[in-house]
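See below for start00.pdb, which holds PDB, C-alpha atoms and all ligand atoms.
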```pdb
MODEL        1
ATOM      1  CA  MET A   1       2.215   5.068 -31.203
ATOM      2  CA  GLN A   2       2.287   7.447 -28.222
ATOM      3  CA  LYS A   3       5.116   7.107 -25.782
ATOM      4  CA  LEU A   4       4.159   4.996 -22.786
ATOM      5  CA  ILE A   5       2.866   6.448 -19.541
ATOM      6  CA  ILE A   6       3.873   4.467 -16.454
ATOM      7  CA  ASN A   7       1.814   5.575 -13.462
ATOM      8  CA  VAL A   8       3.285   3.666 -10.529
ATOM      9  CA  ARG A   9       0.850   2.838  -7.725
ATOM     10  CA  LEU A  10       3.121   2.900  -4.711
ATOM     11  CA  ASN A  11       0.894   1.921  -1.840
ATOM     12  CA  GLU A  12      -2.910   2.322  -2.147
ATOM     13  CA  TRP A  13      -4.328   1.056   1.168
ATOM     14  CA  GLU A  14      -2.342  -2.182   1.049
ATOM     15  CA  MET A  15      -0.503  -3.388   4.149
ATOM     16  CA  ARG A  16       3.032  -4.724   3.956
ATOM     17  CA  GLY A  17       2.350  -8.368   4.819
ATOM     18  CA  PRO A  18       4.741 -10.550   2.825
ATOM     19  CA  ASN A  19       6.195  -7.589   0.937
ATOM     20  CA  PRO A  20       7.867  -5.060   3.269
ATOM     21  CA  ASN A  21       8.564  -2.602   0.412
ATOM     22  CA  ILE A  22       5.214  -0.766   0.547
ATOM     23  CA  PRO A  23       5.900   2.825   1.683
ATOM     24  CA  TYR A  24       3.803   4.406   4.466
ATOM     25  CA  SER A  25       5.393   7.639   5.737
ATOM     26  CA  PRO A  26       5.861  10.769   3.581
ATOM     27  CA  GLU A  27       9.648  10.161   3.705
ATOM     28  CA  GLU A  28       9.268   6.562   2.538
ATOM     29  CA  ILE A  29       6.769   7.562  -0.144
ATOM     30  CA  ALA A  30       9.050  10.309  -1.482
ATOM     31  CA  GLU A  31      12.086   8.028  -1.480
ATOM     32  CA  ASP A  32      10.164   5.311  -3.331
ATOM     33  CA  ALA A  33       8.822   7.874  -5.833
ATOM     34  CA  LEU A  34      12.374   9.006  -6.638
ATOM     35  CA  ALA A  35      13.536   5.409  -7.121
ATOM     36  CA  CYS A  36      10.576   4.776  -9.449
ATOM     37  CA  ALA A  37      11.321   7.950 -11.431
ATOM     38  CA  ALA A  38      14.923   6.776 -11.851
ATOM     39  CA  ALA A  39      13.576   3.414 -13.048
ATOM     40  CA  GLY A  40      11.419   5.073 -15.727
ATOM     41  CA  ALA A  41       8.048   5.945 -14.160
ATOM     42  CA  ASN A  42       6.577   9.283 -15.236
ATOM     43  CA  ILE A  43       3.625   9.511 -12.792
ATOM     44  CA  VAL A  44       3.517   8.435  -9.153
ATOM     45  CA  HIS A  45       0.166   7.646  -7.529
ATOM     46  CA  VAL A  46       0.146   8.009  -3.741
ATOM     47  CA  HIS A  47      -2.125   7.437  -0.757
ATOM     48  CA  ALA A  48      -1.313   9.031   2.607
ATOM     49  CA  ARG A  49      -0.875   6.507   5.412
ATOM     50  CA  GLY A  50      -0.599   6.734   9.171
ATOM     51  CA  PRO A  51       2.474   5.510  11.124
ATOM     52  CA  ASN A  52       1.207   1.914  11.156
ATOM     53  CA  GLY A  53      -0.018   1.970   7.583
ATOM     54  CA  GLU A  54      -3.585   2.912   8.462
ATOM     55  CA  LYS A  55      -5.641   4.936   5.963
ATOM     56  CA  SER A  56      -5.247   8.683   6.225
ATOM     57  CA  HIS A  57      -7.117  11.484   4.506
ATOM     58  CA  SER A  58      -5.008  14.176   6.166
ATOM     59  CA  PRO A  59      -4.546  17.183   3.873
ATOM     60  CA  GLU A  60      -1.313  17.966   5.768
ATOM     61  CA  LEU A  61       0.159  14.539   5.038
ATOM     62  CA  TYR A  62      -0.740  14.834   1.342
ATOM     63  CA  ALA A  63       0.817  18.296   1.217
ATOM     64  CA  GLU A  64       3.984  16.967   2.827
ATOM     65  CA  ILE A  65       4.169  14.076   0.361
ATOM     66  CA  THR A  66       3.746  16.417  -2.606
ATOM     67  CA  ARG A  67       6.309  18.859  -1.259
ATOM     68  CA  ARG A  68       8.913  16.170  -0.596
ATOM     69  CA  ILE A  69       8.568  14.563  -4.036
ATOM     70  CA  ARG A  70       8.455  17.858  -5.912
ATOM     71  CA  ALA A  71      11.598  19.122  -4.161
ATOM     72  CA  LYS A  72      13.646  16.353  -5.769
ATOM     73  CA  SER A  73      11.899  15.172  -8.928
ATOM     74  CA  ASP A  74       9.801  16.314 -11.888
ATOM     75  CA  ILE A  75       7.750  13.086 -11.794
ATOM     76  CA  LEU A  76       4.032  13.936 -12.031
ATOM     77  CA  ILE A  77       2.220  13.475  -8.719
ATOM     78  CA  HIS A  78      -1.205  11.827  -8.607
ATOM     79  CA  THR A  79      -3.159  11.668  -5.347
ATOM     80  CA  THR A  80      -6.186   9.544  -4.617
ATOM     81  CA  LEU A  81      -9.769  10.694  -4.135
ATOM     82  CA  GLY A  82     -10.583  10.974  -0.424
ATOM     83  CA  ASN A  83     -12.890   9.030   1.827
ATOM     84  CA  VAL A  84     -13.899   5.774   0.253
ATOM     85  CA  TYR A  85     -17.255   4.149   0.960
ATOM     86  CA  LEU A  86     -19.903   6.229   2.640
ATOM     87  CA  GLU A  87     -17.744   8.548   4.707
ATOM     88  CA  GLY A  88     -17.707  12.286   4.228
ATOM     89  CA  ASP A  89     -19.326  14.674   1.771
ATOM     90  CA  ALA A  90     -18.033  15.766  -1.610
ATOM     91  CA  ALA A  91     -16.289  18.914  -0.325
ATOM     92  CA  ASP A  92     -14.393  16.871   2.312
ATOM     93  CA  ARG A  93     -13.254  14.415  -0.314
ATOM     94  CA  VAL A  94     -11.167  16.989  -2.218
ATOM     95  CA  LYS A  95      -9.725  18.945   0.738
ATOM     96  CA  HIS A  96      -6.415  17.056   0.430
ATOM     97  CA  VAL A  97      -6.266  17.981  -3.277
ATOM     98  CA  GLU A  98      -6.728  21.660  -2.435
ATOM     99  CA  ALA A  99      -3.989  21.424   0.218
ATOM    100  CA  ALA A 100      -1.459  19.335  -1.709
ATOM    101  CA  MET A 101      -1.999  20.683  -5.242
ATOM    102  CA  PRO A 102      -0.844  17.524  -7.014
ATOM    103  CA  ASP A 103      -0.598  17.465 -10.811
ATOM    104  CA  ILE A 104      -3.314  14.808 -11.021
ATOM    105  CA  ALA A 105      -6.095  13.542  -8.719
ATOM    106  CA  THR A 106      -8.527  10.668  -9.068
ATOM    107  CA  ILE A 107     -12.237  10.889  -9.778
ATOM    108  CA  ASP A 108     -13.828   7.438  -9.606
ATOM    109  CA  ILE A 109     -16.594   8.179 -12.040
ATOM    110  CA  GLY A 110     -19.327   5.836 -10.801
ATOM    111  CA  SER A 111     -20.355   3.604  -7.919
ATOM    112  CA  THR A 112     -19.562  -0.044  -7.245
ATOM    113  CA  ASN A 113     -19.430  -2.653  -4.453
ATOM    114  CA  MET A 114     -15.962  -3.154  -2.932
ATOM    115  CA  ASP A 115     -16.774  -6.345  -0.987
ATOM    116  CA  ARG A 116     -14.396  -9.261  -1.527
ATOM    117  CA  PHE A 117     -15.611 -12.823  -1.849
ATOM    118  CA  ASP A 118     -13.857 -15.352   0.406
ATOM    119  CA  ARG A 119     -13.872 -18.421  -1.805
ATOM    120  CA  ALA A 120     -12.619 -20.819   0.904
ATOM    121  CA  ALA A 121     -15.393 -19.769   3.284
ATOM    122  CA  GLY A 122     -17.984 -19.488   0.512
ATOM    123  CA  ARG A 123     -19.119 -16.026   1.582
ATOM    124  CA  PHE A 124     -18.348 -12.340   1.147
ATOM    125  CA  GLU A 125     -15.911 -10.922   3.726
ATOM    126  CA  THR A 126     -18.091  -7.785   3.956
ATOM    127  CA  THR A 127     -21.473  -6.957   2.489
ATOM    128  CA  LYS A 128     -21.931  -3.188   2.675
ATOM    129  CA  GLN A 129     -18.743  -1.677   1.194
ATOM    130  CA  VAL A 130     -20.489   0.529  -1.324
ATOM    131  CA  TYR A 131     -18.094   2.901  -3.077
ATOM    132  CA  GLU A 132     -20.527   5.676  -3.812
ATOM    133  CA  ASN A 133     -19.708   8.352  -6.396
ATOM    134  CA  SER A 134     -22.865  10.044  -7.649
ATOM    135  CA  ILE A 135     -22.982  12.043 -10.868
ATOM    136  CA  GLU A 136     -23.496  15.103  -8.647
ATOM    137  CA  SER A 137     -20.289  14.393  -6.679
ATOM    138  CA  CYS A 138     -18.275  13.571  -9.819
ATOM    139  CA  THR A 139     -19.463  16.802 -11.457
ATOM    140  CA  TYR A 140     -18.412  18.699  -8.331
ATOM    141  CA  PHE A 141     -14.963  17.040  -8.259
ATOM    142  CA  ALA A 142     -14.434  17.835 -11.958
ATOM    143  CA  ARG A 143     -15.368  21.506 -11.416
ATOM    144  CA  VAL A 144     -13.138  21.889  -8.329
ATOM    145  CA  MET A 145     -10.165  20.273 -10.067
ATOM    146  CA  LYS A 146     -10.637  22.459 -13.132
ATOM    147  CA  GLU A 147     -10.583  25.572 -10.911
ATOM    148  CA  LEU A 148      -7.448  24.326  -9.149
ATOM    149  CA  GLY A 149      -5.725  23.375 -12.405
ATOM    150  CA  VAL A 150      -5.385  19.744 -11.244
ATOM    151  CA  LYS A 151      -5.843  17.134 -13.980
ATOM    152  CA  PRO A 152      -8.427  14.470 -13.136
ATOM    153  CA  SER A 153      -7.575  10.811 -13.628
ATOM    154  CA  VAL A 154     -10.921   9.071 -13.916
ATOM    155  CA  GLY A 155     -11.160   5.640 -12.307
ATOM    156  CA  ILE A 156     -13.086   3.341 -14.646
ATOM    157  CA  TRP A 157     -14.230   0.181 -12.880
ATOM    158  CA  ASN A 158     -16.909  -0.927 -15.351
ATOM    159  CA  VAL A 159     -18.087  -0.189 -18.883
ATOM    160  CA  SER A 160     -20.764   2.169 -17.530
ATOM    161  CA  PHE A 161     -17.946   4.308 -16.047
ATOM    162  CA  MET A 162     -16.340   4.446 -19.505
ATOM    163  CA  ARG A 163     -19.632   5.668 -20.973
ATOM    164  CA  THR A 164     -19.930   8.301 -18.232
ATOM    165  CA  THR A 165     -16.367   9.445 -18.997
ATOM    166  CA  ALA A 166     -17.274   9.924 -22.675
ATOM    167  CA  ILE A 167     -20.303  11.997 -21.646
ATOM    168  CA  PHE A 168     -18.246  14.115 -19.208
ATOM    169  CA  MET A 169     -15.816  14.809 -22.069
ATOM    170  CA  GLU A 170     -18.738  15.757 -24.327
ATOM    171  CA  MET A 171     -20.056  18.110 -21.610
ATOM    172  CA  GLY A 172     -16.655  19.763 -21.216
ATOM    173  CA  LEU A 173     -16.361  18.591 -17.596
ATOM    174  CA  LEU A 174     -13.245  16.642 -18.580
ATOM    175  CA  GLU A 175     -10.798  18.270 -20.949
ATOM    176  CA  LYS A 176      -9.327  16.329 -23.831
ATOM    177  CA  PRO A 177      -7.128  14.455 -23.727
ATOM    178  CA  ALA A 178      -8.617  12.930 -20.595
ATOM    179  CA  LEU A 179      -6.595  10.619 -18.377
ATOM    180  CA  ALA A 180      -8.064   7.398 -17.026
ATOM    181  CA  LYS A 181      -7.166   4.394 -14.975
ATOM    182  CA  ILE A 182      -8.887   1.051 -15.451
ATOM    183  CA  PRO A 183      -8.657  -1.044 -12.255
ATOM    184  CA  LEU A 184      -9.165  -4.688 -13.162
ATOM    185  CA  CYS A 185      -9.952  -6.975 -10.237
ATOM    186  CA  GLY A 186      -8.410 -10.292  -9.214
ATOM    187  CA  GLY A 187      -8.568 -12.077  -5.878
ATOM    188  CA  ASP A 188     -12.353 -12.333  -5.879
ATOM    189  CA  LEU A 189     -12.903  -8.579  -5.723
ATOM    190  CA  VAL A 190     -15.927  -8.112  -7.967
ATOM    191  CA  ALA A 191     -15.941  -4.306  -8.098
ATOM    192  CA  GLY A 192     -14.723  -4.359 -11.702
ATOM    193  CA  HIS A 193     -13.861  -6.575 -14.646
ATOM    194  CA  ALA A 194     -11.590  -9.610 -14.193
ATOM    195  CA  ALA A 195      -7.834  -8.923 -14.171
ATOM    196  CA  THR A 196      -7.296 -10.744 -17.472
ATOM    197  CA  PRO A 197      -6.722  -9.629 -21.071
ATOM    198  CA  GLU A 198     -10.401 -10.456 -21.727
ATOM    199  CA  GLY A 199     -11.487  -8.246 -18.828
ATOM    200  CA  LEU A 200      -9.520  -5.359 -20.325
ATOM    201  CA  GLU A 201     -10.646  -6.006 -23.895
ATOM    202  CA  ALA A 202     -14.290  -5.855 -22.765
ATOM    203  CA  PHE A 203     -13.844  -2.061 -22.437
ATOM    204  CA  PHE A 204     -12.659  -1.515 -25.972
ATOM    205  CA  HIS A 205     -16.062  -1.155 -27.673
ATOM    206  CA  ALA A 206     -16.906   1.821 -25.419
ATOM    207  CA  MET A 207     -13.535   3.583 -25.443
ATOM    208  CA  PRO A 208     -13.027   7.048 -26.901
ATOM    209  CA  SER A 209     -10.059   7.298 -29.304
ATOM    210  CA  LEU A 210      -6.490   6.974 -28.022
ATOM    211  CA  ASP A 211      -5.933  10.680 -28.764
ATOM    212  CA  GLU A 212      -8.889  11.674 -26.577
ATOM    213  CA  LEU A 213      -8.401   9.287 -23.677
ATOM    214  CA  PHE A 214      -5.076   8.136 -22.261
ATOM    215  CA  TRP A 215      -6.016   5.002 -20.340
ATOM    216  CA  CYS A 216      -3.740   3.121 -17.942
ATOM    217  CA  VAL A 217      -4.496  -0.405 -16.795
ATOM    218  CA  CYS A 218      -3.899  -1.625 -13.235
ATOM    219  CA  THR A 219      -4.728  -4.980 -11.655
ATOM    220  CA  LYS A 220      -5.902  -5.120  -8.061
ATOM    221  CA  TYR A 221      -4.900  -8.374  -6.301
ATOM    222  CA  ALA A 222      -3.399  -9.773  -9.521
ATOM    223  CA  ASN A 223      -0.169  -9.810 -11.527
ATOM    224  CA  ILE A 224      -0.320  -7.001 -14.084
ATOM    225  CA  PHE A 225       2.022  -8.338 -16.763
ATOM    226  CA  PRO A 226      -0.513 -10.128 -19.072
ATOM    227  CA  CYS A 227      -2.759  -7.020 -19.092
ATOM    228  CA  ALA A 228       0.256  -4.692 -19.360
ATOM    229  CA  ALA A 229       1.246  -6.509 -22.569
ATOM    230  CA  VAL A 230      -2.247  -5.933 -23.998
ATOM    231  CA  ALA A 231      -2.181  -2.247 -23.005
ATOM    232  CA  ILE A 232       1.280  -1.721 -24.498
ATOM    233  CA  ALA A 233       0.262  -3.460 -27.734
ATOM    234  CA  ARG A 234      -3.056  -1.619 -28.026
ATOM    235  CA  GLY A 235      -1.816   1.930 -27.401
ATOM    236  CA  GLY A 236      -2.879   2.098 -23.765
ATOM    237  CA  HIS A 237      -0.672   2.801 -20.771
ATOM    238  CA  VAL A 238       0.339   0.930 -17.621
ATOM    239  CA  ALA A 239      -0.075   1.496 -13.862
ATOM    240  CA  PRO A 240       1.877  -1.197 -11.972
ATOM    241  CA  GLY A 241       2.593  -1.182  -8.252
ATOM    242  CA  LEU A 242       2.739  -2.878  -4.895
ATOM    243  CA  GLY A 243      -0.387  -0.978  -3.885
ATOM    244  CA  ASP A 244      -2.334  -3.546  -5.900
ATOM    245  CA  TYR A 245      -0.379  -6.773  -5.500
ATOM    246  CA  HIS A 246       2.657  -8.070  -3.606
ATOM    247  CA  TYR A 247       4.250 -10.092  -6.454
ATOM    248  CA  ALA A 248       5.408 -12.989  -4.240
ATOM    249  CA  GLU A 249       6.073 -14.958  -7.448
ATOM    250  CA  LEU A 250       8.714 -12.342  -8.361
ATOM    251  CA  GLY A 251      10.308 -12.512  -4.901
ATOM    252  CA  CYS A 252       8.421  -9.495  -3.442
ATOM    253  CA  PRO A 253      10.218  -6.794  -5.485
ATOM    254  CA  THR A 254      10.270  -3.040  -4.860
ATOM    255  CA  ASN A 255       8.064  -0.668  -6.840
ATOM    256  CA  ALA A 256      11.148   0.500  -8.776
ATOM    257  CA  GLU A 257      11.959  -3.090  -9.748
ATOM    258  CA  LEU A 258       8.427  -3.524 -11.086
ATOM    259  CA  VAL A 259       8.770  -0.305 -13.083
ATOM    260  CA  ARG A 260      12.056  -1.531 -14.556
ATOM    261  CA  ARG A 261      10.356  -4.723 -15.727
ATOM    262  CA  ILE A 262       7.547  -2.735 -17.405
ATOM    263  CA  VAL A 263      10.107  -0.456 -19.097
ATOM    264  CA  ALA A 264      12.006  -3.505 -20.400
ATOM    265  CA  MET A 265       8.765  -5.094 -21.628
ATOM    266  CA  ALA A 266       7.751  -1.900 -23.447
ATOM    267  CA  ARG A 267      11.160  -1.620 -25.109
ATOM    268  CA  ASP A 268      11.058  -5.286 -26.139
ATOM    269  CA  MET A 269       7.660  -4.577 -27.715
ATOM    270  CA  GLY A 270       8.961  -1.509 -29.565
ATOM    271  CA  ARG A 271       7.217   1.098 -27.406
ATOM    272  CA  GLU A 272       9.174   4.033 -26.044
ATOM    273  CA  VAL A 273       8.574   5.302 -22.512
ATOM    274  CA  ALA A 274       7.806   9.005 -21.948
ATOM    275  CA  THR A 275       9.936  11.104 -19.619
ATOM    276  CA  PRO A 276       7.973  13.001 -16.945
ATOM    277  CA  ALA A 277       8.329  16.182 -19.035
ATOM    278  CA  GLU A 278       7.003  14.376 -22.121
ATOM    279  CA  ALA A 279       4.108  12.876 -20.157
ATOM    280  CA  ARG A 280       3.253  16.371 -18.882
ATOM    281  CA  ARG A 281       3.164  17.693 -22.461
ATOM    282  CA  MET A 282       1.157  14.726 -23.761
ATOM    283  CA  LEU A 283      -1.472  15.275 -21.051
ATOM    284  CA  ARG A 284      -1.340  19.079 -21.394
ATOM    285  CA  ILE A 285      -0.627  19.579 -17.723
ATOM    286  CA  PRO A 286       1.001  22.967 -17.114
ATOM    287  CA  ALA A 287       4.329  23.146 -15.297
ATOM    288  CA  ARG A 288       3.677  23.697 -11.622
ATOM    289  CA  ALA A 289       5.972  26.290 -10.192
ATOM    290  CA  GLU A 290       4.123  26.995  -6.989
ATOM    291  CA  ALA A 291       4.748  24.775  -4.001
ATOM    292  CA  ALA A 292       2.028  22.973  -2.092
ATOM    293  CA  ARG A 293      -0.119  25.346  -0.075
ATOM    294  CA  ALA A 294       0.006  23.712   3.310
TER     295      ALA A 294
HETATM  296 ZN    ZN B 301      -5.282   4.951  -5.437
ENDMDL
END
```
Would you mind writing the file out in structure tokens?
Amino acid sequence: MQKLIINVRLNEWEMRGPNPNIPYSPEEIAEDALACAAAGANIVHVHARGPNGEKSHSPELYAEITRRIRAKSDILIHTTLGNVYLEGDAADRVKHVEAAMPDIATIDIGSTNMDRFDRAAGRFETTKQVYENSIESCTYFARVMKELGVKPSVGIWNVSFMRTTAIFMEMGLLEKPALAKIPLCGGDLVAGHAATPEGLEAFFHAMPSLDELFWCVCTKYANIFPCAAVAIARGGHVAPGLGDYHYAELGCPTNAELVRRIVAMARDMGREVATPAEARRMLRIPARAEAARA
């Protein structure tokens, strides 16, 4: 079986709340990325945040994050796709990728509703949080990233996104092997499948082969370990992190502590973990000598 990819999701747009270990500033993000690399992660997924943790799409902040991490580690760097919901046009949404030149950037390859259901109140917290990613925009993102030499990581929220990924591979818009992330959804977020082994297994009938698609599972607002076990057993890969869930039941650990637990689980299950250099080779991502542009 392939060596395991661990793509640690440091922060997303999550606020610290009960777990103070979520990094916000470029310094904190870089420091956390290094700790996760030492713990065994081979890819670090980052979102730029303002001083109080607010969302930021600043190309300069992304460039600073990339520069700081790359100066001290060979861990692969994976930035988000810009401007969620209805803000901004396609060109604006990849400006931070052009500025930061990460190894990997996300393309969420379809549209879905991001509203969360408040079970206690019996209603949705919001009702218009449409995460819109048209085929036209996704095609544009794939072309821009190919020109830049940045590997896309496709976000696959539903089976229809998996089918679109297979078609993009067939069209040559995504090179093989493609890289994907499957965000499963707990906490009454209904944007994707449930964050359970069954929710993950529901993708399997539509998945390209393991050689053609390296898929990582992550679990928004839910503990990843049951789904991580399924991914490790089935040849998939794992994307844990405080950006998705605070892990109060584990005493609010750091990202590096979560990575160490996934590494131990993989070893117990007989699966080796790739080094960053091995992950780069597996995904056919060229070494990146040039520094970030901004
Ligand atoms: Zn993200």
- Pairwise distance for CA of Val190 in chain A and CA of Arg261 in chain A, rounded to one decimal in Å: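 Interatomic distance here is 27.6 Å.
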- How many Å separate CA of Ala99 in chain A from CA of Arg284 in chain A?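 Taking CA of Ala99 in chain A and CA of Arg284 in chain A, their separation equals 21.9 Å.
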Set the cut-off to 10 Å, count all atoms listed in the file, and list whatever residues fall near ligand ZN 301 (chain B) as a PDB file with C-alpha atoms, in the frame of the given file.
```pdb
ATOM      1  CA  ARG A   9       0.850   2.838  -7.725  1.00  0.00           C
ATOM      2  CA  LEU A  10       3.121   2.900  -4.711  1.00  0.00           C
ATOM      3  CA  ASN A  11       0.894   1.921  -1.840  1.00  0.00           C
ATOM      4  CA  GLU A  12      -2.910   2.322  -2.147  1.00  0.00           C
ATOM      5  CA  TRP A  13      -4.328   1.056   1.168  1.00  0.00           C
ATOM      6  CA  HIS A  45       0.166   7.646  -7.529  1.00  0.00           C
ATOM      7  CA  VAL A  46       0.146   8.009  -3.741  1.00  0.00           C
ATOM      8  CA  HIS A  47      -2.125   7.437  -0.757  1.00  0.00           C
ATOM      9  CA  ALA A  48      -1.313   9.031   2.607  1.00  0.00           C
ATOM     10  CA  HIS A  78      -1.205  11.827  -8.607  1.00  0.00           C
ATOM     11  CA  THR A  79      -3.159  11.668  -5.347  1.00  0.00           C
ATOM     12  CA  THR A  80      -6.186   9.544  -4.617  1.00  0.00           C
ATOM     13  CA  LEU A  81      -9.769  10.694  -4.135  1.00  0.00           C
ATOM     14  CA  GLY A  82     -10.583  10.974  -0.424  1.00  0.00           C
ATOM     15  CA  ALA A 105      -6.095  13.542  -8.719  1.00  0.00           C
ATOM     16  CA  THR A 106      -8.527  10.668  -9.068  1.00  0.00           C
ATOM     17  CA  ASP A 108     -13.828   7.438  -9.606  1.00  0.00           C
ATOM     18  CA  GLY A 155     -11.160   5.640 -12.307  1.00  0.00           C
ATOM     19  CA  LYS A 181      -7.166   4.394 -14.975  1.00  0.00           C
ATOM     20  CA  PRO A 183      -8.657  -1.044 -12.255  1.00  0.00           C
ATOM     21  CA  GLY A 243      -0.387  -0.978  -3.885  1.00  0.00           C
ATOM     22  CA  ASP A 244      -2.334  -3.546  -5.900  1.00  0.00           C
TER      23      ASP A 244
END
```
- Query: Please, what distance in Å, to one decimal, runs between CA of Ala228 in chain A and CA of Asp32 in chain A?
  - Reply: 21.3 Å
- Surrounding residues of Ala180 in chain A excluding itself and chain neighbours under 4 positions, 8 Å, all atoms listed in the file, as a list in words: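 Those residues are Ser153, Val154, Gly155, Ile156, Leu213, Phe214, Trp215 and Cys216 of chain A.
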- Task: Quick one: residues within 6 Å of (8.3, 5.4, -9.3) (file frame), counting only C-alpha atoms, please, as a ChimeraX atom specification.
- Result: /A:8,33,35-37,41,44,256
- Message: Which residues, named as in the file, does the PyMOL selection byres (((chain A and resi 4) around 7) and not hetatm) pick out? Answer as a ChimeraX atom specification.
- Response: /A:2-3,5-6,237,271-274
C-alpha atoms of the current selection, written as a PDB file, keeping the file's coordinate frame:
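This is the output file again.pdb:
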```pdb
ATOM      1  CA  GLN A   2       2.287   7.447 -28.222  1.00  0.00           C
ATOM      2  CA  LYS A   3       5.116   7.107 -25.782  1.00  0.00           C
ATOM      3  CA  ILE A   5       2.866   6.448 -19.541  1.00  0.00           C
ATOM      4  CA  ILE A   6       3.873   4.467 -16.454  1.00  0.00           C
ATOM      5  CA  HIS A 237      -0.672   2.801 -20.771  1.00  0.00           C
ATOM      6  CA  ARG A 271       7.217   1.098 -27.406  1.00  0.00           C
ATOM      7  CA  GLU A 272       9.174   4.033 -26.044  1.00  0.00           C
ATOM      8  CA  VAL A 273       8.574   5.302 -22.512  1.00  0.00           C
ATOM      9  CA  ALA A 274       7.806   9.005 -21.948  1.00  0.00           C
TER      10      ALA A 274
END
```
- Identify, on the basis of only C-alpha atoms, every residue whose closest approach to range 126-132 of chain A does not exceed 6 Å; exclude the query and any residue fewer than 4 positions from it along the same chain; express the result as a list in words.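 The neighbour list is Tyr85, Ser111, Thr112, Asn113, Met114 and Asp115 of chain A.
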- Message: What would the selection look like, as a VMD selection string, if the PyMOL selection byres (((chain A and resi 145) around 12) and not hetatm) were run on the coordinates I just shared?
- Response: chain A and resid 81 91 93 to 98 101 to 107 138 to 144 146 to 154 173 to 175
- Task: Identify all residues satisfying the PyMOL selection byres (((chain A and resi 31) around 12) and not hetatm) in the given file; provide them as number ranges by chain.
- Result: A: 10, 21-30, 32-38, 44, 65-66, 68-73, 254-256
- Query: Which residues, written as an NGL selection string, have at least one atom at most 10 Å from Ala229 in chain A, with only C-alpha atoms counted and residues fewer than 3 positions away on the same chain left out?
  - Reply: :A and (197 or 224-226 or 232-234 or 236-238 or 262 or 265-266 or 269)
Go ahead and save the residues from that selection, with C-alpha atoms, as a PDB file, keeping the file's coordinate frame.
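Listed below is the output, part-v6.pdb:
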```pdb
ATOM      1  CA  PRO A 197      -6.722  -9.629 -21.071  1.00  0.00           C
ATOM      2  CA  ILE A 224      -0.320  -7.001 -14.084  1.00  0.00           C
ATOM      3  CA  PHE A 225       2.022  -8.338 -16.763  1.00  0.00           C
ATOM      4  CA  PRO A 226      -0.513 -10.128 -19.072  1.00  0.00           C
ATOM      5  CA  ILE A 232       1.280  -1.721 -24.498  1.00  0.00           C
ATOM      6  CA  ALA A 233       0.262  -3.460 -27.734  1.00  0.00           C
ATOM      7  CA  ARG A 234      -3.056  -1.619 -28.026  1.00  0.00           C
ATOM      8  CA  GLY A 236      -2.879   2.098 -23.765  1.00  0.00           C
ATOM      9  CA  HIS A 237      -0.672   2.801 -20.771  1.00  0.00           C
ATOM     10  CA  VAL A 238       0.339   0.930 -17.621  1.00  0.00           C
ATOM     11  CA  ILE A 262       7.547  -2.735 -17.405  1.00  0.00           C
ATOM     12  CA  MET A 265       8.765  -5.094 -21.628  1.00  0.00           C
ATOM     13  CA  ALA A 266       7.751  -1.900 -23.447  1.00  0.00           C
ATOM     14  CA  MET A 269       7.660  -4.577 -27.715  1.00  0.00           C
TER      15      MET A 269
END
```
- Which residue gives the smallest distance to Arg267 in chain A among A:Met171, A:Gly40, A:Lys176, A:Phe161, with only C-alpha atoms counted?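 With only C-alpha atoms as the atom set, the closest residue is A:Gly40.
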- Query: Of the candidates A:Ile182, A:Ile167, A:Cys227, A:Ala100, which shows the shortest atom-to-atom distance to Glu60 in chain A, using all atoms listed in the file?
  - Reply: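 The shortest atom-to-atom distance to Glu60 in chain A comes from A:Ala100.
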- Note on the structure: Min atom-atom distance to Ser209 in chain A from the set A:Ala194, A:Ala178, A:Val263, A:Leu184, counting all atoms listed in the file, belongs to A:Ala178
